[in-house]
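Here's the structure we're looking at; comments come further down.
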Amino acid sequence: MDYISQKVCNRRPDTTLSYLISPTTIHSVTDACVSDSENRRRDIIVPLWQQPFIWAGGLRPPVYVAKNLLDGTVNLQGPNYSLAKALQGWRAIVASRDGIDVSANIAPAARTKSVISRAETAAALEGIQALFPPFVAFDPKVASSIMSALLLWDLIAKKGKNHKHVMEKFVLNRVHGGIDRMPYSMDSVGFISTLTGFFLKKGKCPEGVLFHKKYGGLTKGDQNGGKNEDGRNFLCNLV
């Protein structure tokens, strides 16, 4: 697919490329996300049940390969997936450098058919959402609507050709679903989340979990005000 994209762009400079970038790759994050992740690992915030796993090395902090460059790789997804998603990001950078219009926004983890077709992956999504806020697994229709709106914005506004750094392309219009703000690496939460997920009912987004306090969300009594008791917009933890 990357070869096809390259050839089409070479023959038709007016081509526009569109990708959904995975947050479970190496990608840029904001200072606010790094700070929030660190705050969630403080002793006064960490739930008691998590502390033995931290001491045993089962729950590990996120890995930053450089300043604000998060390694969100999940071994469960396998090397083929990681390489394919990395290639999309690299192609987006190169094409944008060459003057091609590119829409490449980070998309959230979602309960798509390909994801939930594997029992382990489906269980992991439910387990992470239940145990490690602010992570939220989006329903496909919700994710599709959000990312389609961002795609249309990219096509109409044609923003992003004057970034100070090439990785900024993946920071401005992104919906990481809470991964960038998690207190632990996605890979280290996988085992316990998968085990827990087998005993949980399928979650729901956004009617349920987005409006829960522990996810930085709203309760029914807060919805008119637009913010929760911490003064955060109910979607701020997901983007």
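To be explicit about the labels: the chains of the structure tokens are called A, B, and onward in the order shown, and within each one the residues are counted from 1, while ligands get numbers from 1 in the order they are shown.
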Note to self: Give me, as number ranges by chain, all polymer residues having an atom no more than 10 Å from segment 184-195 of chain A, counting only C-alpha atoms and skipping those fewer than 4 positions away in the same chain.
What the structure shows: A: 23-24, 37-38, 40-41, 53-54, 57-64, 70-77, 119-132, 135, 179-180, 199-200
Note to self: One number please: atom CA of Ile4 of chain A to atom CA of Leu172 of chain A, in Å, one decimal.
What the structure shows: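 About the pair atom CA of Ile4 of chain A and atom CA of Leu172 of chain A: they are 27.1 Å apart.
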Next item on the list: State, in Å with one decimal place, the distance from atom CA of Ser5 of chain A to atom CA of Ala149 of chain A.
Entry: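 Interatomic distance here is 22.8 Å.
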Next item on the list: Can you work out which one of A:Ala110, A:Leu48, A:Ile100, A:Ile93 has the shortest atom-to-atom distance to Ile146 of chain A, counting only C-alpha atoms?
Entry: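 Between A:Ala110, A:Leu48, A:Ile100, A:Ile93, the residue approaching Ile146 of chain A most closely is A:Ala110.
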Margin query: For a test of reading the model, state the distance in Å between atom CA of Ile116 of chain A and atom CA of Val136 of chain A, rounded to one decimal.
Written below: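 Atom CA of Val136 of chain A lies at a distance of 14.9 Å from atom CA of Ile116 of chain A.
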